[in-house]
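Colleague: mmCIF, C-alpha atoms, file data.cif:
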data_query
#
loop_
_atom_site.label_atom_id
_atom_site.label_comp_id
_atom_site.auth_asym_id
_atom_site.auth_seq_id
_atom_site.Cartn_x
_atom_site.Cartn_y
_atom_site.Cartn_z
CA MET G 29 21.26 83.97 -101.10
CA LEU G 30 18.26 84.63 -103.34
CA LYS G 31 19.16 85.97 -106.79
CA SER G 32 15.78 87.58 -107.46
CA GLU G 33 15.52 91.02 -105.88
CA TYR G 34 11.74 90.57 -105.74
CA LEU G 35 11.99 87.32 -103.77
CA GLN G 36 14.70 88.73 -101.53
CA ASN G 37 12.39 91.63 -100.67
CA VAL G 38 9.56 89.19 -99.92
CA TYR G 39 11.78 87.19 -97.56
CA THR G 40 13.13 90.31 -95.85
CA GLN G 41 9.57 91.45 -95.24
CA VAL G 42 8.66 88.06 -93.73
CA VAL G 43 11.64 88.14 -91.34
CA THR G 44 11.19 91.81 -90.43
CA ARG G 45 7.50 91.39 -89.72
CA ASP G 46 7.94 88.36 -87.43
CA PRO G 47 11.63 88.18 -86.45
CA ASP G 48 11.18 85.45 -83.84
CA GLN G 49 9.43 82.90 -86.10
CA ARG G 50 12.43 80.82 -87.18
CA GLU G 51 10.53 77.70 -88.25
CA PHE G 52 8.28 79.79 -90.48
CA HIS G 53 11.27 81.63 -91.97
CA GLN G 54 12.89 78.28 -92.77
CA ALA G 55 9.80 76.98 -94.56
CA VAL G 56 9.34 80.19 -96.56
CA LEU G 57 13.00 80.39 -97.56
CA GLU G 58 13.00 76.83 -98.91
CA VAL G 59 10.07 77.63 -101.20
CA LEU G 60 11.53 80.95 -102.30
CA GLU G 61 14.85 79.27 -103.14
CA SER G 62 12.96 76.94 -105.46
CA LEU G 63 10.98 79.80 -106.99
CA ASP G 64 14.25 81.68 -107.49
CA GLN G 65 15.11 79.27 -110.28
CA VAL G 66 11.97 79.96 -112.33
CA ILE G 67 10.47 83.28 -111.21
CA GLY G 68 11.73 85.03 -114.35
CA ARG G 69 9.37 82.90 -116.43
CA PHE G 70 6.33 84.21 -114.57
CA PRO G 71 6.40 88.04 -114.45
CA GLN G 72 2.67 88.03 -113.66
CA TYR G 73 3.42 86.71 -110.16
CA GLN G 74 5.55 89.75 -109.38
CA GLU G 75 3.23 92.21 -111.10
CA ARG G 76 0.24 90.97 -109.11
CA GLY G 77 2.05 90.53 -105.78
CA ILE G 78 1.28 86.82 -105.70
CA VAL G 79 4.28 85.67 -103.66
CA GLU G 80 3.99 88.26 -100.89
CA THR G 81 0.29 87.42 -100.63
CA PHE G 82 1.02 83.68 -100.64
CA VAL G 83 3.32 83.88 -97.58
CA GLU G 84 0.84 85.81 -95.41
CA PRO G 85 -2.03 83.88 -93.73
CA GLU G 86 -5.56 84.92 -94.63
CA ARG G 87 -6.49 84.75 -90.95
CA MET G 88 -4.79 83.99 -87.60
CA ILE G 89 -7.00 83.13 -84.65
CA CYS G 90 -5.67 82.96 -81.06
CA PHE G 91 -7.83 82.25 -78.02
CA ARG G 92 -7.67 81.11 -74.40
CA VAL G 93 -8.77 77.61 -73.43
CA PRO G 94 -9.81 77.32 -69.75
CA TRP G 95 -10.53 73.83 -68.40
CA VAL G 96 -10.83 72.07 -65.04
CA ASP G 97 -8.38 69.34 -64.01
CA ASP G 98 -9.25 66.31 -61.88
CA GLN G 99 -8.35 68.20 -58.70
CA GLY G 100 -10.93 70.85 -59.51
CA HIS G 101 -8.36 73.51 -60.42
CA VAL G 102 -8.86 75.76 -63.43
CA GLN G 103 -6.05 75.53 -66.00
CA VAL G 104 -5.66 77.89 -68.96
CA ASN G 105 -3.98 77.06 -72.24
CA ARG G 106 -3.68 78.98 -75.49
CA GLY G 107 -5.41 77.79 -78.67
CA TYR G 108 -4.73 78.71 -82.29
CA ARG G 109 -6.05 78.28 -85.81
CA ILE G 110 -3.98 79.59 -88.73
CA GLN G 111 -6.22 79.75 -91.82
CA PHE G 112 -3.53 80.22 -94.42
CA SER G 113 -5.15 79.79 -97.83
CA SER G 114 -8.62 78.94 -99.12
CA THR G 115 -7.76 79.54 -102.78
CA ILE G 116 -8.42 76.00 -104.05
CA GLY G 117 -10.79 74.74 -101.35
CA PRO G 118 -11.82 75.01 -97.69
CA TYR G 119 -9.00 75.39 -95.20
CA LYS G 120 -7.64 71.92 -94.35
CA GLY G 121 -4.99 70.92 -91.84
CA GLY G 122 -4.44 69.26 -88.51
CA LEU G 123 -4.70 70.27 -84.88
CA ARG G 124 -1.61 69.72 -82.72
CA PHE G 125 -1.74 69.50 -78.91
CA HIS G 126 1.81 69.80 -77.60
CA PRO G 127 3.69 72.13 -75.21
CA THR G 128 5.87 73.41 -78.09
CA VAL G 129 2.94 74.76 -80.08
CA ASN G 130 3.35 78.44 -80.97
CA LEU G 131 2.62 80.77 -83.88
CA SER G 132 5.91 80.10 -85.65
CA ILE G 133 5.44 76.33 -85.73
CA LEU G 134 1.79 76.57 -86.75
CA LYS G 135 2.53 79.11 -89.49
CA PHE G 136 5.27 76.87 -90.88
CA LEU G 137 2.94 73.86 -90.80
CA GLY G 138 0.04 75.81 -92.32
CA PHE G 139 2.28 77.20 -95.06
CA GLU G 140 3.57 73.71 -95.91
CA GLN G 141 -0.03 72.46 -95.86
CA ILE G 142 -1.00 74.76 -98.74
CA LEU G 143 1.56 73.11 -100.98
CA LYS G 144 0.94 69.60 -99.68
CA ASN G 145 -2.80 69.86 -100.25
CA SER G 146 -2.23 71.34 -103.69
CA LEU G 147 -0.07 68.36 -104.64
CA THR G 148 -2.78 65.84 -103.73
CA GLY G 149 -4.96 67.12 -106.57
CA LEU G 150 -7.91 67.41 -104.17
CA PRO G 151 -9.79 70.70 -103.59
CA MET G 152 -8.33 71.66 -100.21
CA GLY G 153 -6.73 74.85 -98.93
CA GLY G 154 -4.09 75.06 -96.20
CA ALA G 155 -4.42 75.56 -92.44
CA LYS G 156 -3.05 74.38 -89.11
CA GLY G 157 -4.04 74.78 -85.49
CA GLY G 158 -3.70 73.47 -81.99
CA ALA G 159 -2.82 74.38 -78.44
CA ASP G 160 0.10 74.32 -75.99
CA PHE G 161 -1.73 71.57 -74.08
CA ASP G 162 -0.03 68.23 -73.43
CA PRO G 163 -2.44 65.27 -73.34
CA LYS G 164 0.32 62.98 -72.01
CA GLY G 165 -0.29 62.11 -68.39
CA LYS G 166 -3.81 63.55 -68.45
CA SER G 167 -6.87 61.47 -67.62
CA ASP G 168 -9.58 60.86 -70.19
CA GLY G 169 -11.79 63.27 -68.26
CA GLU G 170 -9.19 66.03 -68.37
CA VAL G 171 -8.61 65.53 -72.10
CA MET G 172 -12.37 65.58 -72.69
CA ARG G 173 -12.88 68.81 -70.75
CA PHE G 174 -9.98 70.47 -72.53
CA CYS G 175 -11.28 69.41 -75.97
CA GLN G 176 -14.77 70.63 -75.16
CA SER G 177 -13.45 74.03 -74.08
CA PHE G 178 -11.21 74.24 -77.15
CA MET G 179 -14.10 73.47 -79.51
CA THR G 180 -16.41 75.90 -77.71
CA GLU G 181 -14.30 78.68 -79.24
CA LEU G 182 -13.07 76.96 -82.42
CA ASN G 183 -16.54 75.96 -83.64
CA ARG G 184 -17.40 79.48 -84.80
CA HIS G 185 -14.40 79.52 -87.16
CA ILE G 186 -14.81 76.12 -88.90
CA GLY G 187 -17.33 74.26 -91.05
CA GLN G 188 -17.37 71.56 -93.72
CA PHE G 189 -17.24 74.21 -96.47
CA VAL G 190 -15.08 76.66 -94.48
CA ASP G 191 -12.34 74.91 -92.52
CA VAL G 192 -11.95 71.18 -91.84
CA PRO G 193 -9.43 70.31 -89.07
CA ALA G 194 -7.95 66.86 -88.54
CA GLY G 195 -5.61 65.27 -86.02
CA ASP G 196 -1.87 65.76 -85.65
CA ILE G 197 0.63 65.25 -82.81
CA GLY G 198 -1.32 64.81 -79.57
CA VAL G 199 -4.67 64.66 -81.37
CA GLY G 200 -5.79 61.14 -82.16
CA GLY G 201 -9.12 59.37 -82.40
CA ARG G 202 -9.99 60.04 -78.75
CA GLU G 203 -9.46 63.80 -79.10
CA ILE G 204 -11.26 64.01 -82.46
CA GLY G 205 -14.23 62.20 -80.91
CA TYR G 206 -14.47 64.68 -78.03
CA LEU G 207 -14.05 67.64 -80.40
CA PHE G 208 -16.72 66.39 -82.80
CA GLY G 209 -19.15 65.65 -79.96
CA GLN G 210 -18.83 69.21 -78.68
CA TYR G 211 -19.22 70.69 -82.16
CA ARG G 212 -22.38 68.65 -82.72
CA ARG G 213 -23.86 69.72 -79.37
CA ILE G 214 -23.14 73.41 -79.98
CA ARG G 215 -24.31 73.50 -83.59
CA GLY G 216 -27.27 71.17 -83.22
CA SER G 217 -26.61 69.48 -86.56
CA TYR G 218 -24.68 66.44 -87.75
CA ASP G 219 -22.05 67.99 -90.02
CA ALA G 220 -19.84 64.93 -90.39
CA GLY G 221 -17.52 66.66 -92.84
CA VAL G 222 -16.37 69.31 -90.34
CA LEU G 223 -13.59 67.12 -88.89
CA THR G 224 -11.60 64.24 -90.32
CA GLY G 225 -9.93 61.37 -88.53
CA LYS G 226 -13.26 60.46 -86.93
CA GLY G 227 -14.19 57.01 -85.66
CA LEU G 228 -15.62 54.63 -88.25
CA ALA G 229 -18.98 54.56 -86.47
CA PHE G 230 -19.55 58.30 -87.01
CA GLY G 231 -18.20 59.12 -90.45
CA GLY G 232 -14.54 58.17 -90.36
CA SER G 233 -12.67 56.53 -93.22
CA LEU G 234 -10.86 53.25 -93.35
CA VAL G 235 -7.08 53.63 -93.93
CA ARG G 236 -7.02 57.09 -92.28
CA THR G 237 -4.93 55.83 -89.36
CA GLU G 238 -2.50 54.11 -91.72
CA ALA G 239 -2.55 56.74 -94.44
CA THR G 240 0.53 58.90 -93.78
CA GLY G 241 2.81 55.91 -93.16
CA TYR G 242 1.42 53.92 -96.09
CA GLY G 243 1.56 56.94 -98.38
CA LEU G 244 5.18 57.61 -97.39
CA CYS G 245 6.12 54.12 -98.52
CA TYR G 246 4.07 54.31 -101.73
CA ILE G 247 5.84 57.47 -102.90
CA THR G 248 9.24 56.13 -101.79
CA GLN G 249 8.62 52.90 -103.71
CA GLU G 250 7.74 54.86 -106.86
CA MET G 251 10.80 57.08 -106.42
CA LEU G 252 13.02 54.01 -106.12
CA ARG G 253 11.39 52.38 -109.15
CA VAL G 254 11.63 55.38 -111.48
CA LEU G 255 14.98 56.85 -110.42
CA LYS G 256 16.90 53.71 -109.40
CA ASN G 257 15.01 50.81 -110.98
CA ASP G 258 14.84 49.44 -107.44
CA SER G 259 12.38 48.85 -104.58
CA PHE G 260 12.03 48.21 -100.83
CA GLU G 261 12.68 44.51 -101.41
CA GLY G 262 15.63 43.34 -99.32
CA LYS G 263 16.44 46.82 -97.96
CA THR G 264 17.28 47.74 -94.36
CA VAL G 265 15.18 50.67 -93.13
CA VAL G 266 15.49 52.99 -90.13
CA ILE G 267 12.38 54.92 -89.11
CA SER G 268 12.40 57.58 -86.39
CA GLY G 269 9.32 58.06 -84.25
CA SER G 270 6.83 55.50 -82.99
CA GLY G 271 3.47 57.19 -83.54
CA ASN G 272 0.98 56.34 -86.25
CA VAL G 273 3.20 57.54 -89.10
CA ALA G 274 6.20 55.48 -87.99
CA ILE G 275 4.16 52.43 -87.06
CA PHE G 276 2.33 52.18 -90.36
CA ALA G 277 5.38 53.10 -92.41
CA THR G 278 6.99 50.13 -90.67
CA GLU G 279 4.02 47.96 -91.56
CA LYS G 280 3.96 48.93 -95.23
CA ALA G 281 7.75 48.84 -95.69
CA THR G 282 7.74 45.33 -94.24
CA GLN G 283 4.91 44.29 -96.58
CA LEU G 284 6.99 45.62 -99.48
CA GLY G 285 9.89 43.36 -98.52
CA ALA G 286 12.07 45.59 -96.33
CA LYS G 287 13.43 44.97 -92.83
CA VAL G 288 12.83 47.85 -90.40
CA VAL G 289 15.44 47.69 -87.62
CA ALA G 290 14.85 50.80 -85.48
CA LEU G 291 12.17 53.08 -84.04
CA SER G 292 12.34 55.92 -81.49
CA ASP G 293 10.43 58.27 -79.23
CA SER G 294 11.38 61.56 -77.57
CA ASN G 295 13.57 59.79 -74.97
CA GLY G 296 15.53 57.25 -77.00
CA TYR G 297 15.47 54.52 -79.63
CA ILE G 298 15.31 50.75 -80.02
CA HIS G 299 17.47 48.69 -82.35
CA ASP G 300 16.31 45.23 -83.37
CA PRO G 301 18.68 43.74 -85.97
CA ASN G 302 16.21 40.90 -86.55
CA GLY G 303 13.54 43.34 -87.69
CA ILE G 304 10.97 45.21 -85.60
CA ASN G 305 8.17 43.06 -84.16
CA LEU G 306 5.32 45.39 -85.02
CA ASP G 307 2.72 43.59 -82.90
CA VAL G 308 4.76 44.42 -79.79
CA VAL G 309 5.18 48.05 -80.85
CA LYS G 310 1.44 48.44 -81.53
CA ASP G 311 0.60 46.98 -78.12
CA ILE G 312 3.02 49.33 -76.35
CA LYS G 313 2.19 52.52 -78.25
CA LEU G 314 -1.44 52.13 -79.32
CA ASN G 315 -2.93 50.04 -76.52
CA ARG G 316 -0.86 50.92 -73.46
CA ARG G 317 0.31 54.40 -74.52
CA GLY G 318 3.73 53.35 -73.24
CA ARG G 319 7.33 54.29 -74.06
CA ILE G 320 9.44 52.66 -76.75
CA ARG G 321 12.02 51.44 -74.18
CA GLU G 322 9.49 48.80 -73.10
CA TYR G 323 10.12 47.01 -76.40
CA ALA G 324 13.70 46.04 -75.42
CA ALA G 325 12.45 44.44 -72.21
CA GLU G 326 10.02 42.25 -74.15
CA VAL G 327 11.90 41.30 -77.33
CA PRO G 328 15.13 39.29 -76.97
CA GLY G 329 18.01 40.51 -79.10
CA SER G 330 16.82 44.13 -79.19
CA THR G 331 18.43 47.02 -77.33
CA TYR G 332 17.28 50.42 -76.06
CA HIS G 333 19.48 53.52 -76.16
CA GLU G 334 18.88 56.93 -74.56
CA GLY G 335 18.87 59.96 -76.89
CA PHE G 336 16.53 59.78 -79.88
CA ARG G 337 18.96 61.28 -82.42
CA GLY G 338 21.31 58.35 -81.96
CA ILE G 339 18.97 56.29 -84.11
CA TRP G 340 20.68 57.76 -87.19
CA THR G 341 23.99 56.08 -86.33
CA ILE G 342 22.43 52.73 -87.35
CA PRO G 343 23.38 51.86 -90.96
CA CYS G 344 20.47 51.57 -93.36
CA ASP G 345 19.59 51.62 -97.05
CA ILE G 346 16.51 53.81 -96.61
CA ALA G 347 15.94 56.45 -93.91
CA LEU G 348 12.40 57.56 -93.10
CA PRO G 349 12.40 60.36 -90.48
CA CYS G 350 8.92 60.34 -88.95
CA ALA G 351 9.42 62.02 -85.56
CA THR G 352 9.45 65.83 -85.59
CA GLN G 353 10.78 68.93 -87.35
CA ASN G 354 14.53 69.55 -87.67
CA GLU G 355 15.60 66.22 -86.14
CA ILE G 356 18.33 65.69 -88.78
CA ASP G 357 21.09 68.29 -89.04
CA GLY G 358 24.12 68.39 -91.32
CA ASP G 359 26.30 66.20 -89.09
CA ILE G 360 23.62 63.53 -88.75
CA ALA G 361 23.06 63.65 -92.52
CA GLU G 362 26.79 63.05 -93.07
CA THR G 363 26.55 59.98 -90.83
CA ILE G 364 23.56 58.65 -92.78
CA VAL G 365 25.46 59.11 -96.06
CA LYS G 366 28.65 57.55 -94.66
CA ASN G 367 26.68 54.51 -93.50
CA GLY G 368 25.56 53.79 -97.06
CA ALA G 369 21.97 55.04 -97.37
CA MET G 370 20.53 55.38 -100.87
CA ALA G 371 17.28 57.22 -100.13
CA VAL G 372 15.64 59.50 -97.56
CA ALA G 373 11.93 60.36 -97.49
CA GLU G 374 10.36 62.66 -94.91
CA GLY G 375 7.42 61.25 -92.96
CA ALA G 376 7.36 64.07 -90.40
CA ASN G 377 6.95 67.74 -91.29
CA MET G 378 10.34 69.29 -92.18
CA PRO G 379 12.44 66.76 -90.19
CA CYS G 380 15.59 67.60 -92.17
CA ARG G 381 17.35 70.93 -91.78
CA PRO G 382 18.35 72.74 -95.00
CA GLU G 383 22.01 71.80 -94.55
CA ALA G 384 21.02 68.13 -94.17
CA ILE G 385 19.08 68.22 -97.44
CA ARG G 386 22.12 69.72 -99.19
CA VAL G 387 24.30 66.88 -97.83
CA PHE G 388 21.88 64.27 -99.16
CA GLN G 389 21.55 65.87 -102.57
CA GLU G 390 25.28 66.48 -103.02
CA ALA G 391 25.94 62.84 -102.12
CA GLY G 392 23.46 61.70 -104.78
CA LEU G 393 20.86 60.22 -102.42
CA LEU G 394 17.25 60.19 -103.49
CA PHE G 395 15.34 62.68 -101.34
CA ALA G 396 11.55 63.11 -101.08
CA PRO G 397 10.45 66.23 -99.13
CA ALA G 398 7.67 66.14 -96.56
CA LYS G 399 5.18 68.25 -98.47
CA ALA G 400 5.03 65.41 -101.02
CA ALA G 401 6.13 62.36 -99.05
CA ASN G 402 3.78 62.69 -96.07
CA ALA G 403 0.74 63.93 -98.00
CA GLY G 404 -1.01 60.57 -97.60
CA GLY G 405 -2.67 61.62 -94.36
CA VAL G 406 -4.35 64.72 -95.72
CA ALA G 407 -5.13 62.93 -98.99
CA THR G 408 -7.11 60.33 -97.08
CA SER G 409 -8.71 63.08 -95.03
CA GLY G 410 -9.89 64.49 -98.35
CA LEU G 411 -11.27 61.08 -99.23
CA GLU G 412 -13.06 61.02 -95.85
CA MET G 413 -14.63 64.38 -96.70
CA SER G 414 -15.82 62.95 -100.02
CA GLN G 415 -17.39 59.93 -98.32
CA ASN G 416 -19.14 62.20 -95.82
CA SER G 417 -20.54 64.30 -98.67
CA ILE G 418 -22.01 61.32 -100.53
CA ARG G 419 -23.14 59.53 -97.32
CA HIS G 420 -21.14 56.45 -98.25
CA ALA G 421 -18.15 54.47 -96.94
CA TRP G 422 -15.61 52.85 -99.24
CA THR G 423 -13.90 49.56 -98.35
CA PHE G 424 -10.34 49.44 -97.00
CA GLU G 425 -9.12 48.18 -100.37
CA GLU G 426 -10.90 50.96 -102.26
CA VAL G 427 -9.44 53.72 -100.07
CA ASP G 428 -5.98 52.15 -100.08
CA GLU G 429 -5.99 51.95 -103.87
CA LYS G 430 -7.07 55.59 -104.17
CA LEU G 431 -4.33 56.59 -101.71
CA LYS G 432 -1.69 54.70 -103.67
CA GLY G 433 -2.85 56.35 -106.90
CA ILE G 434 -2.64 59.82 -105.33
CA MET G 435 0.90 59.22 -104.00
CA VAL G 436 2.14 57.82 -107.31
CA ASN G 437 0.64 60.84 -109.10
CA ILE G 438 2.32 63.21 -106.63
CA PHE G 439 5.69 61.65 -107.39
CA HIS G 440 5.25 62.03 -111.14
CA ASN G 441 3.95 65.62 -110.81
CA ILE G 442 6.94 66.73 -108.76
CA TYR G 443 9.43 64.75 -110.85
CA ASN G 444 8.05 66.26 -114.06
CA ALA G 445 8.21 69.72 -112.48
CA SER G 446 11.87 69.14 -111.60
CA ILE G 447 12.58 68.29 -115.23
CA GLU G 448 10.75 71.39 -116.46
CA CYS G 449 12.79 73.51 -114.04
CA GLY G 450 16.04 72.09 -115.42
CA VAL G 451 16.95 70.16 -112.26
CA PRO G 452 15.74 66.60 -112.99
CA GLY G 453 15.42 64.54 -109.84
CA ASP G 454 15.50 67.51 -107.44
CA LEU G 455 12.17 66.70 -105.83
CA VAL G 456 12.41 69.58 -103.35
CA VAL G 457 12.30 72.08 -106.20
CA GLY G 458 9.72 69.97 -108.04
CA ALA G 459 7.38 69.82 -105.04
CA ASN G 460 7.65 73.52 -104.28
CA ILE G 461 7.10 74.62 -107.88
CA ALA G 462 4.28 72.16 -108.66
CA GLY G 463 2.44 72.96 -105.41
CA PHE G 464 2.93 76.72 -105.63
CA LYS G 465 2.13 77.17 -109.32
CA LYS G 466 -1.28 75.52 -109.06
CA VAL G 467 -2.36 77.81 -106.20
CA ALA G 468 -0.75 80.93 -107.71
CA ASP G 469 -2.49 80.44 -111.05
CA VAL G 470 -5.85 80.04 -109.32
CA MET G 471 -5.15 83.22 -107.33
CA LEU G 472 -4.66 85.03 -110.64
CA ALA G 473 -7.78 83.45 -112.16
CA GLN G 474 -9.95 84.44 -109.18
CA GLY G 475 -8.68 87.99 -109.04
CA THR G 476 -7.53 87.40 -105.48
CA ILE G 477 -5.21 90.39 -105.60
#
In structure tokens, how does this file's structure come out?
Modeller:
Amino acid sequence: MLKSEYLQNVYTQVVTRDPDQREFHQAVLEVLESLDQVIGRFPQYQERGIVETFVEPERMICFRVPWVDDQGHVQVNRGYRIQFSSTIGPYKGGLRFHPTVNLSILKFLGFEQILKNSLTGLPMGGAKGGADFDPKGKSDGEVMRFCQSFMTELNRHIGQFVDVPAGDIGVGGREIGYLFGQYRRIRGSYDAGVLTGKGLAFGGSLVRTEATGYGLCYITQEMLRVLKNDSFEGKTVVISGSGNVAIFATEKATQLGAKVVALSDSNGYIHDPNGINLDVVKDIKLNRRGRIREYAAEVPGSTYHEGFRGIWTIPCDIALPCATQNEIDGDIAETIVKNGAMAVAEGANMPCRPEAIRVFQEAGLLFAPAKAANAGGVATSGLEMSQNSIRHAWTFEEVDEKLKGIMVNIFHNIYNASIECGVPGDLVVGANIAGFKKVADVMLAQGTI
């Protein structure tokens, strides 16, 4: 229960206005609970209506996306772009193509993106978009025609100084290429900075594919160093998911001396007590677009199990949930604690339910929330925008070093904010306060209200 009557009224308004948007309510409540601890210090936020403005998107765009399948039949999907905040820079956030896409999920993701982008220190606002289209099982031609139709509408709402989408679930390099090609044809100009996650041959950045997974490990390593005088060295790690975030978190954790023993997809999980053979995983997931169960058939000593949540029954020192939102509930969190974990860092967006986070914190585990821990992807997207602006490409090592510096700075910003709020080490509060305060103060300075 929120102690501040002002914040309680804000939350009630959010729920009353959109009663069916549970994911968005969850994201807003988490931030308001953090603000509840410090709102009395900032009467100007209440006087100027900053919080109620902050939780309402600047613009919500919804449109139909008709396309023709390989049988010549017209299909119609629904597309969205939630432009949540442009206070500190152009709208920035991914596009998600998945059957579960709806306004609630995109509003929660766009809201989180404001704070995440703020924490990077780069001049980017918050947004999110996508469609209830599933690229799985579709031919390249079908995906291309869908992307072209999607961009035919979206192009009028974006621009390198207005709104810069990137990829997300279901939107990888193939989809970004088709989207950018259509944008270029419609606009008749080569605005490389309008999309990030592009191919290297047309304005993409090195490390972008690896960025979220690498960044997750960089911030986790710094958290372990500062708060436990420890590291990944010699640790057993469980990582859910098997997309880019999970794959490259596996790669970086292994480079830092850990042994990753499990990965998953939406059907089940693999357990390899000898340590995941990443070359096999990359071949299955990135080259063949296959399912994670194929790993067990190819790697002796590994096993496949149906049901992706079962992955959290495997004992580990460090848990990195990188699959999807709300995959870890209170019961699963209890299992993770009971099995001896010392740290959890979120690679996916909001993979831990509020009750799970409470279990981790009460048990004394280190916990890094998604808005800080998985900011590496958008940070490197920001670096891609910078390279596009100066017509230059940095080396892999240069981008990787900049990414590491950003993630280390994020940790120290949120840790220092937790100390200032009187809850040292509570990185959830630290991330929410540090991310919010920067945007809120700029809103006041610009006379947004």
Colleague: Apply the PyMOL selection byres ((chain G and resi 231) around 9) to the structure shown and report the selected residues as a VMD selection string.
Modeller: chain G and resid 220 to 221 224 to 230 232 to 233 412 to 413 415 to 416 419 to 421
Colleague: Calculated over all atoms listed in the file, which of the candidates G:Phe82, G:Lys156, G:Leu306, G:Gln54 has the smallest distance to G:Val38?
Modeller: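 Result for the nearest residue to G:Val38: G:Phe82.
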Colleague: Quote the spacing between atom CA of G:Glu279 and atom CA of G:Ala55 in Å to one decimal place.
Modeller: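 Atom CA of G:Glu279 sits 29.7 Å away from atom CA of G:Ala55.
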Colleague: Which is closest to G:Val266 among G:Gln188, G:Gly338, G:Asp345, G:Asp196, if we use only C-alpha atoms?
Modeller: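 The answer is G:Asp345, which sits nearest to G:Val266.
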Colleague: Apply the PyMOL selection byres ((chain G and resi 154) around 12) to the displayed file and report the matching residues as a ChimeraX atom specification.
Modeller: /G:82-87,109-122,134-148,150-153,155-157,190-194,399,406,463-464,467
Colleague: Mind giving me the straight-line distance from atom CA of G:Pro127 to atom CA of G:Val104 in Å, one decimal?
Modeller: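 That distance, rounded to one decimal, is 12.6 Å.
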Colleague: If we count only C-alpha atoms and set the cut-off at 9 Å, which residues sit around G:Ile67, ignoring sequence neighbours fewer than 6 positions away in its own chain? Please answer as a list of chain:residue names.
Modeller: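 With the cut-off at 9 Å, the set is G:Ser32, G:Leu35, G:Tyr73, G:Gln74.
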Colleague: Kindly indicate which residue among G:Val254, G:Leu291, G:Gly296, G:Gln353 lies nearest to G:Leu394, using only C-alpha atoms for the distances.
Modeller: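 Using only C-alpha atoms, the shortest distance to G:Leu394 belongs to G:Val254.
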Colleague: Could you give me the axis-aligned bounding box of stretch 314-317 of chain G, with 8 Å of padding per side, as centre plus edge lengths in Å to one decimal, as AutoDock Vina command-line options?
Modeller:
--center_x -1.3 --center_y 52.2 --center_z -76.4 --size_x 19.2 --size_y 20.4 --size_z 21.9
Colleague: For a quick check of understanding, using all atoms listed in the file, which of G:Glu61, G:Glu374, G:Glu334, G:Glu322 has the smallest distance to G:Thr352?
Modeller: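 Comparing G:Glu61, G:Glu374, G:Glu334, G:Glu322 against G:Thr352, the winner is G:Glu374.
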Colleague: Give me the result of the PyMOL selection byres ((chain G and resi 386) around 12) on this file, residue by residue, as a ChimeraX atom specification.
Modeller: /G:58,356-359,361-362,365,380-385,387-395,454,456
Colleague: Would you work out the distance separating atom CA of G:Ala400 from atom CA of G:Gly453, expressed in Å to one decimal?
Modeller: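 Straight-line distance from atom CA of G:Ala400 to atom CA of G:Gly453 works out to 13.7 Å.
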Colleague: Which one is closest to G:Ile247: G:His440, G:Asn305, G:Val102, G:Met179? Count all atoms listed in the file.
Modeller: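 Looking at the shortest contact to G:Ile247, the residue is G:His440.
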Colleague: Dump as an NGL selection string all residues having an atom at most 8 Å from (12.0, 65.4, -94.8), computed in the file's coordinates with all atoms listed in the file.
Modeller: :G and (349 or 372-380 or 395-398 or 401)
Colleague: Would you list the contacts of G:Asp97 as number ranges by chain, taking every protein, DNA or RNA residue within 9 Å and counting only C-alpha atoms, but skipping same-chain residues closer than 4 positions in sequence?
Modeller: G: 101-103, 166-167, 169-171, 173-174
Colleague: For each of G:Thr282, G:Pro71, G:Gln249, G:Glu203, take the minimum atom-to-atom distance to G:Arg124, counting only C-alpha atoms, then give the residue where this is smallest.
Modeller: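 Counting only C-alpha atoms, the residue closest to G:Arg124 is G:Glu203.
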Colleague: Do a neighbour search on G:Lys313 at 10 Å with all atoms listed in the file, toss out local chain neighbours closer than 3 positions, and write the hits as a list in words.
Modeller: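 That gives Ser270, Gly271, Asn272, Ile275, Val308, Val309, Lys310, Arg316, Arg317, Gly318, Arg319, Ile320, Glu322 and Tyr323 of chain G.
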Colleague: When you look at G:Gln176 with a cut-off of 10 Å (counting only C-alpha atoms), what residues show up, excluding the ones that are within fewer than 2 positions of it in the same chain? I need them as a list in words.
Modeller: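 So, after excluding close chain neighbours, the residues are Val93, Pro94, Trp95, Glu170, Val171, Met172, Arg173, Phe174, Phe178, Met179, Thr180, Glu181, Leu182, Glu203, Tyr206, Leu207, Phe208, Gly209, Gln210 and Tyr211 of chain G.
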Colleague: Using C-alpha atoms, can you export the residues from the last selection as a CSV table (one decimal), in the coordinates of the input?
Modeller:
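Writing the result to result06.csv gives the following:
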chain,number,residue,atom,x,y,z
G,93,VAL,CA,-8.8,77.6,-73.4
G,94,PRO,CA,-9.8,77.3,-69.8
G,95,TRP,CA,-10.5,73.8,-68.4
G,170,GLU,CA,-9.2,66.0,-68.4
G,171,VAL,CA,-8.6,65.5,-72.1
G,172,MET,CA,-12.4,65.6,-72.7
G,173,ARG,CA,-12.9,68.8,-70.8
G,174,PHE,CA,-10.0,70.5,-72.5
G,178,PHE,CA,-11.2,74.2,-77.2
G,179,MET,CA,-14.1,73.5,-79.5
G,180,THR,CA,-16.4,75.9,-77.7
G,181,GLU,CA,-14.3,78.7,-79.2
G,182,LEU,CA,-13.1,77.0,-82.4
G,203,GLU,CA,-9.5,63.8,-79.1
G,206,TYR,CA,-14.5,64.7,-78.0
G,207,LEU,CA,-14.0,67.6,-80.4
G,208,PHE,CA,-16.7,66.4,-82.8
G,209,GLY,CA,-19.2,65.6,-80.0
G,210,GLN,CA,-18.8,69.2,-78.7
G,211,TYR,CA,-19.2,70.7,-82.2
Colleague: Quick one: residues within 12 Å of G:Val436, all atoms listed in the file counted, chain neighbours fewer than 3 positions away excluded, as a PyMOL selection string?
Modeller: chain G and resi 147-149+242-254+400-401+403-404+429-433+439-443
